[in-house]
Every structure is written in structure tokens, then in C-alpha cells.
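These notes are about the structure you will find just below.
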Amino acid sequence: MRLLTNKSTNTVTLLIFLGITGAILNLLRIPFFHEFDLMIAPFIVLMVAIHRGPYAALVVSIISTIPIALQWNSLWPFLLFGLEAIFVGLLFFRIWKNLILNIFFFWLFAGMPLTWLYLNQSQAVIESHQIIFLLELFINAIVYAHIATIVSASEKVSQFLKTTKDTSSNSLKKKYAHQISIIFVSAGLLIAIFNLHNKTDKLYQQQQSNQDLLHSKISGEMKTVIVSKISSLKEVTQTLALVWNNNGVRVKQLAAIHQRLPEFTTMILADNNASVIDFSPPDYIKDKSKAGPFSISDRKYYQVSIHSLQPYVSGGFEGRGLGNDLIAVISSGVPSINSENFVGIVQGAMILGNFKTLIKLFNESPTHVGILLDQNNQVLFSSKALGFKELEEITLDKEIHNINNQKVMRLKSDSRPNDNMIYYFRESDFDWGWKLITLQEDGVLAQSIEKILLIFAIALILMAIVSELGASLLSSFWTKQLTYLTSAVQFIGTEKNDDITFKKMQELPEELKVLYKAIDKSKREVTRVNNNLKQLVDNKTQELKKVNEKLKISASRDYLTKLYNRRAFNQRFLSIWEHRKKGKQLLSFIILDIDFFKDVNDNWGHPAGDEVLIQIAQYLLAIDYMNIHSVSRIGGEEFGIISLEYTHEKSVSIAEHIRSEISNIKITVENKERNKILNITISAGVASINPNKDGVDKLFKLADEALYQAKKSGRNCVRSINIS
């Protein structure tokens, strides 16, 4: 056993360096499974333990564990991972060289029992997740032990960590047994991890599917109940408005409406002074008449509805005259037929306890529960398992972190101020202000995950044991043959060593000769394919460059006229705008529109219209003015020009010149019946502004206004607006 007795500077520096490296790795959060982050830094501690001994590993463990201790806000990680370093170091040098099995024994008999005691004392992890946490720690340990095994297989790493040069060498049998074991465990680990994620994904999907089904049922029923009542109430407001001033007819009309809408327990009418004037059913009137005038001015539903035709759904409350039953009302303003004011409201009250279907849905699932809250986060409905009282105010505490990409929630209330139960949830906000939340207790899912993790952990151990045994058996048989194959393969493709290659190949068994020839053929084929592929990639790259150049040009040009398109115009315009703004210079915009262009299309067809556009565009492209910029087709028959003249008058002059020149162009169009020479005219609008005072949209708007004035003035003219 190597003990940390060398106090040289190099040794201390190396251990500190490895400890700091481990601490940096422990700062990284690598999502692994469920809410667990993979810790890989302990593999450095294990490598030090098997090469330099337990006490050197303890030093590295203490340094590298500092971030974990800070994250857990506890000294416990120092004790846990320090014990792991000492245990593995002692066991490796004295008893067993298999690192993975050493880690298994430590966590089974020391790490997990001690962590269990710590969790029960500190309550650092909620109770439903404690077993999951322990299993994840165990699985994590197997993973970083396997990483340490793989890295330690490197001769350079081993020599770097050893205190003195180790002159002893493993037999070829042991060497290949170790490597085959690594391959078996790596493959098994990847398959197991994939299977683990697959099973947990299915579990989450099933949980989500069940929750979505319940949520959609309740949501659908709720919308059916409430939306139908909103629609019904909205329909009767105009009817009531017509009979509002006729007391006798109004009372009969309310009774008839209530008869058509039996879902409402009661219905009332209140005037614009908040006094209740009519009731339905009639016996409700008698009860209230004994109590004298009845005002609802304090009710929010009245305060909202007296000014609105839009039906309002209230929160929950105990109604007057309806005993202690929890009710909600739907109300709407009744408009006056003679003015824009409202003469009163109509209100329908619903006893929520009568919604038997909803109550049944909230309590039909043994694993999923739900809660319906009003606008004030007060309970209207809830599953009996939650134990909330009606109208109890609930605080929704959503966790910042995600569990398998799902947010979680805690419910707080006066009756449950310290409840730390975690729920997966789905919520919907209804248009009228209520909120539906369906929940699944985290503990239900945690139990299923515990079983999956337990199977996974057992599978990892079995893989480690089986791979160790299998590797030893296979290596005993194939060591010699693999040695020959390794020797022969290294000469593949070297023509000057063909004789050596042939001799080595002849020493291989028939089975490996086939493998050797396949490797040789594959290598030559890969070389040929790579050369062909390189040539093909070079050719395609050149073709792609040419295509990209063409696309770059076509992306900025109108396909018909070859002028700039609207997208290119906007880009160039913004650049010029910023330049003129910095120079504090005015900017003019000229917009041209072909007169009676629709008649050309209608009378001569769209090809004739296209010819008109092309010839006008050719003229505009040929304009030789120094201070016009970005001639563009910005619409069907609209063209835009940016004028860089320093006065508004010069821009107007340019527009007038263009208009005059185009009016002299003779354009010949033809169809099957006849040919015709068209005299095309344009209207133009010119706008000039100061970019430092007004915005881009203002300039475009003014140019459009000027063009409109030109059209209104008989067309074939120029109109302008200058606010520079």
C-alpha cells in the first residue's frame, strides 16, 4: 500500500491540482436522470485512491467536494466522499482490484445507510424522494467508477499518477480481460441507461396522458356548463330592454326566461340604483319583501355589469337568501332602448353544489386530483383528497426547477401553511376568470421511479460481475489469436511490408483471417470513397457558390422589371435614412403609380400589363440623375424613388420630368384580335421631411397622401407635401 508519506512539493502540488480540477468538475451540472445531476469529479478521487493510496485520495476528496458541500449547505459531503476515498483505497490494495465492485460494496454497506440517516435527520430531501435520491447516488457512483476504470486503462494516466515507476506488468491475459470488461460494462451501461430513460419517459407520458384526460374532461364540462349559460343570458338582455318600463310584462318575461333557463337557481332584475326590482321564482320575492328594499350595490357583479353588455361571471360567495350554499352568478347589463345608458342588470345565480357531474369528475381518479379557483384564488371545487374548504384562499407556489421537463407546484393555504407536498400540475385559465388545476402527487410517481431505479441498479451490478467473469474466460481463449491479429493489422496498407504482413496473417486462425481481409478491404475501400467524396464535395462547393451568387442577386430584384424589390428598397432606404439623419439633411421620397393600369389588364390582358411595367421600368433604369437612388418596384403598378436632392423643389422637378417623359412613351400591345399603341401616363406623389424631426412611416404616409391628391386632381400630374 502506498501512503502519503512523501512531503515533496511536487506531490503536494499534484494533489492540490487534482483536487481543484475535481472541484471545477463538481461545479458543472450534467443532467442525468429525473431531478438528479451527474457528478463525475469523484472519478479523479478514485483514480488517486488506486494509484496513490487512501490518504492521498482523502486530500483530493476534501478539496474537490467543496462545491457539493456549499450546494448542500452541509458538511455531510466531506464525510461521505472522504469515507468513500479511504474505503476504496484500502480495499483496492488489500483485497480486490475490481474498482466497480469495491464501489458497490461501499455504497451498499456504508454510503447508502449513512446517507439515509443523514436525510432523516436533516430533511434535506423530501420524504417521497429519499429512496430515489439514494438509488441515484448509488447509480452515479457506479457510473463514475466505470469512468475511472476506463481512464485508468491508459498507460500514460497510470504512470502520471503512480508515485514511482511500476516495473511490473500485467499478463496479456489480464490486460485483455480488463479491456473486454470495460467494453462489456460500457455497452451494458449505455443499453441500461437508454432503457431507463425509455421506461421513465413512458411513465411520464402515461402520467401526463392520464392527467391530460382528466383535465380535458373537467375543462370541457366546465366550458359546457358556463359558456351555455353566458350565451343564454346574453340573448335575453334585448328582450328585457324592450319590456323594462312595463312592470307587469317585465315580471312575466323574467319568469318565462327563468323557465327556459332552469340551470339558474334564481334570477333577479336590478335597476340602475342597484335595487332589486324583480325575482324569480316568485316565492323568493315573498321572502325578500319581508326584509324591505334589497340592494346589491356592494356586489362586484353589479358594479361590472351595470356598464357592460358583456356577461360577467362572478367569483364564489354565499348568496343572500340561499342559505349557506356556495354560489356564483352570471350577470349582464340591460341597455336602454332610448339612450346609450343601462337601465339595470339581469343576474342568474348558480348553486355550485348542484354541479354533480363536475363534482364526480373531481373525485373519480385515485391518483389525480383537481381544484377550481375563482378570480380571487378561492376554492370553488376541489377533490376531497385535497381537503380544502369552500372559498378557502389558495397560494400557488410553482417551483423554479423542472422535473423531467415538467414544472411542479405546492399549494399553500391557511389550513395548510406548512404543507410541502409536491404536485405535477396542469392549469387552464378560463375566459371568464376562473382557473382549473389538475394535480398528481409527486409521491405516486416517485414510487414507480423507485422500482425502475432499483432494477437499474441491480442490473448494473450484475453487468459488472458477469462482464468480469466473461472477460476472463474470453481473454484466456483469444489472447494469443488477438496478439497475432494486432501484429498483422498494423502492417495493412504498407506495400513495403507486404512480406511481413503475409507472414503475420498466416499465423492467424481461419476465423481471424476473414476479419483481417475484411479490415484490409474496408480500409482500401474507405480510402477510395474518401478520395471520391473529397472531389465531389469540392465540385459541389463550387456549384453552390455560383448558385448563392445568383440567389443573392435575385433576392433583391423584382423578377419582372429587374428593378429593386420592396425588400431591397427597405434595406437601402433605412441606410440612406440614417445617413441623412446624421447629416441633418432633408430626405425626399417619390412614389409613382401608373394611371388606369387596371384597364390595361382588363382590356388587353395581363401580358400587356406586364409589357407596360417592363417598358416603364426600362425607362426608369435609364434615368441619368445623380441624386436619385434605389429605383424600385414597391407594389403592383407602384414604383418608389429616393431623392437625395437638397431641396424639395428639385425633387418635385425630377418627378415632373419623369412624368412628362413617360407620357411620351408609345407602348404597343397586341392580342389575337387587334394591336394598339397605348399612351401611358403616371401620377406622382413627392414628400420631403427632416429625418431628425419625423419618422420613416411619416414620410411614406405623406408621399401616399400626395399621390392621392394627384389621382384626385385628374391623374397625369405631380403633387407634393413638404414638412422639412
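Each chain in the C-alpha cells gets a letter, A, B, ..., in the order shown, and its residues are numbered from 1; ligands are numbered from 1 in order too.
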
**Shell around region 141-151 of chain A at 7 Å using only C-alpha atoms, local window under 4 positions removed, as a list in words** =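 That gives Ile40, Pro42, Phe43, Ile44, Leu46, Met47, Leu99, Ile100, Ile103, Leu137 and Ile182 of chain A.
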
Emit the selected residues as an mmCIF file, in the first residue's frame, including all heavy atoms.
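Everything below was put into out.cif:
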```cif
data_model
loop_
_atom_site.group_PDB
_atom_site.id
_atom_site.type_symbol
_atom_site.label_atom_id
_atom_site.label_comp_id
_atom_site.auth_asym_id
_atom_site.auth_seq_id
_atom_site.Cartn_x
_atom_site.Cartn_y
_atom_site.Cartn_z
ATOM 1 N N ILE A 40 -19.282 13.710 -11.883
ATOM 2 C CA ILE A 40 -18.222 12.894 -12.477
ATOM 3 C C ILE A 40 -16.876 13.137 -11.807
ATOM 4 O O ILE A 40 -15.939 12.362 -12.002
ATOM 5 C CB ILE A 40 -18.099 13.151 -13.992
ATOM 6 C CG1 ILE A 40 -17.751 14.618 -14.258
ATOM 7 C CG2 ILE A 40 -19.376 12.769 -14.707
ATOM 8 C CD1 ILE A 40 -17.434 14.893 -15.712
ATOM 9 N N PRO A 42 -15.783 12.659 -8.756
ATOM 10 C CA PRO A 42 -15.226 11.608 -7.888
ATOM 11 C C PRO A 42 -14.376 10.569 -8.617
ATOM 12 O O PRO A 42 -13.622 9.843 -7.973
ATOM 13 C CB PRO A 42 -16.480 10.971 -7.275
ATOM 14 C CG PRO A 42 -17.485 12.078 -7.245
ATOM 15 C CD PRO A 42 -17.239 12.837 -8.506
ATOM 16 N N PHE A 43 -14.479 10.507 -9.968
ATOM 17 C CA PHE A 43 -13.630 9.531 -10.662
ATOM 18 C C PHE A 43 -12.153 9.895 -10.478
ATOM 19 O O PHE A 43 -11.281 9.016 -10.465
ATOM 20 C CB PHE A 43 -14.008 9.439 -12.141
ATOM 21 C CG PHE A 43 -13.293 10.395 -13.058
ATOM 22 C CD1 PHE A 43 -12.074 10.056 -13.619
ATOM 23 C CD2 PHE A 43 -13.846 11.634 -13.357
ATOM 24 C CE1 PHE A 43 -11.409 10.924 -14.464
ATOM 25 C CE2 PHE A 43 -13.193 12.506 -14.207
ATOM 26 C CZ PHE A 43 -11.970 12.153 -14.761
ATOM 27 N N ILE A 44 -11.850 11.200 -10.318
ATOM 28 C CA ILE A 44 -10.465 11.617 -10.071
ATOM 29 C C ILE A 44 -10.010 11.102 -8.709
ATOM 30 O O ILE A 44 -8.885 10.604 -8.554
ATOM 31 C CB ILE A 44 -10.351 13.153 -10.141
ATOM 32 C CG1 ILE A 44 -10.688 13.640 -11.550
ATOM 33 C CG2 ILE A 44 -8.956 13.613 -9.738
ATOM 34 C CD1 ILE A 44 -10.668 15.138 -11.708
ATOM 35 N N LEU A 46 -11.121 8.453 -7.141
ATOM 36 C CA LEU A 46 -10.945 7.006 -7.225
ATOM 37 C C LEU A 46 -9.636 6.652 -7.922
ATOM 38 O O LEU A 46 -8.951 5.697 -7.522
ATOM 39 C CB LEU A 46 -12.122 6.378 -7.976
ATOM 40 C CG LEU A 46 -13.503 6.519 -7.325
ATOM 41 C CD1 LEU A 46 -14.553 5.772 -8.138
ATOM 42 C CD2 LEU A 46 -13.486 6.020 -5.893
ATOM 43 N N MET A 47 -9.271 7.412 -8.954
ATOM 44 C CA MET A 47 -8.003 7.141 -9.638
ATOM 45 C C MET A 47 -6.815 7.392 -8.708
ATOM 46 O O MET A 47 -5.843 6.635 -8.706
ATOM 47 C CB MET A 47 -7.896 8.016 -10.887
ATOM 48 C CG MET A 47 -8.857 7.580 -11.995
ATOM 49 S SD MET A 47 -8.903 8.746 -13.360
ATOM 50 C CE MET A 47 -7.190 8.783 -13.815
ATOM 51 N N LEU A 99 -12.542 -2.163 -9.272
ATOM 52 C CA LEU A 99 -12.975 -0.874 -8.732
ATOM 53 C C LEU A 99 -14.498 -0.774 -8.643
ATOM 54 O O LEU A 99 -15.042 -0.266 -7.655
ATOM 55 C CB LEU A 99 -12.417 0.254 -9.610
ATOM 56 C CG LEU A 99 -12.744 1.682 -9.178
ATOM 57 C CD1 LEU A 99 -12.257 1.950 -7.771
ATOM 58 C CD2 LEU A 99 -12.141 2.682 -10.157
ATOM 59 N N ILE A 100 -15.190 -1.244 -9.665
ATOM 60 C CA ILE A 100 -16.659 -1.121 -9.677
ATOM 61 C C ILE A 100 -17.284 -1.914 -8.535
ATOM 62 O O ILE A 100 -18.194 -1.425 -7.841
ATOM 63 C CB ILE A 100 -17.217 -1.582 -11.039
ATOM 64 C CG1 ILE A 100 -16.746 -0.630 -12.143
ATOM 65 C CG2 ILE A 100 -18.742 -1.640 -11.012
ATOM 66 C CD1 ILE A 100 -17.194 -1.022 -13.534
ATOM 67 N N ILE A 103 -16.741 -0.141 -5.231
ATOM 68 C CA ILE A 103 -17.722 0.941 -5.056
ATOM 69 C C ILE A 103 -19.076 0.367 -4.662
ATOM 70 O O ILE A 103 -19.786 0.915 -3.801
ATOM 71 C CB ILE A 103 -17.837 1.756 -6.363
ATOM 72 C CG1 ILE A 103 -16.650 2.701 -6.494
ATOM 73 C CG2 ILE A 103 -19.131 2.553 -6.418
ATOM 74 C CD1 ILE A 103 -16.642 3.844 -5.498
ATOM 75 N N LEU A 137 -27.697 8.272 -6.123
ATOM 76 C CA LEU A 137 -26.315 8.369 -5.644
ATOM 77 C C LEU A 137 -25.547 7.078 -5.943
ATOM 78 O O LEU A 137 -24.390 7.108 -6.377
ATOM 79 C CB LEU A 137 -26.291 8.653 -4.141
ATOM 80 C CG LEU A 137 -26.498 10.096 -3.679
ATOM 81 C CD1 LEU A 137 -26.486 10.163 -2.159
ATOM 82 C CD2 LEU A 137 -25.418 11.012 -4.252
ATOM 83 N N ILE A 182 -14.240 -3.649 -19.748
ATOM 84 C CA ILE A 182 -14.645 -2.255 -19.975
ATOM 85 C C ILE A 182 -15.661 -2.172 -21.108
ATOM 86 O O ILE A 182 -16.679 -1.475 -21.014
ATOM 87 C CB ILE A 182 -13.409 -1.378 -20.290
ATOM 88 C CG1 ILE A 182 -12.551 -1.216 -19.037
ATOM 89 C CG2 ILE A 182 -13.834 -0.012 -20.817
ATOM 90 C CD1 ILE A 182 -11.256 -0.475 -19.280
#
```

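Residues of region 216-330 of chain A that DSSP, applied to the backbone, places in strand (DSSP E or B): Thr266, Met267, Ile268, Leu269, Ala270, Asp271, Ser275, Val276, Ile277, Asp278, Phe279, Ser280, Ser295, Tyr312, Val313, Phe317, Glu318, Leu326, Ile327, Ala328, Val329 and Ile330 of chain A.
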
**Prompt:** Which residue, A:Ile132, A:Val45, A:Leu213, A:Val249, has the smallest gap to Leu454 (chain A) when you use only C-alpha atoms?
**Reply:**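 Result for the nearest residue to Leu454 (chain A): A:Ile132.
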
**Given only C-alpha atoms as the counted atoms, nearest of A:Ile452, A:Leu75, A:Leu91, A:Ile268 to Ala49 (chain A)** = A:Leu91
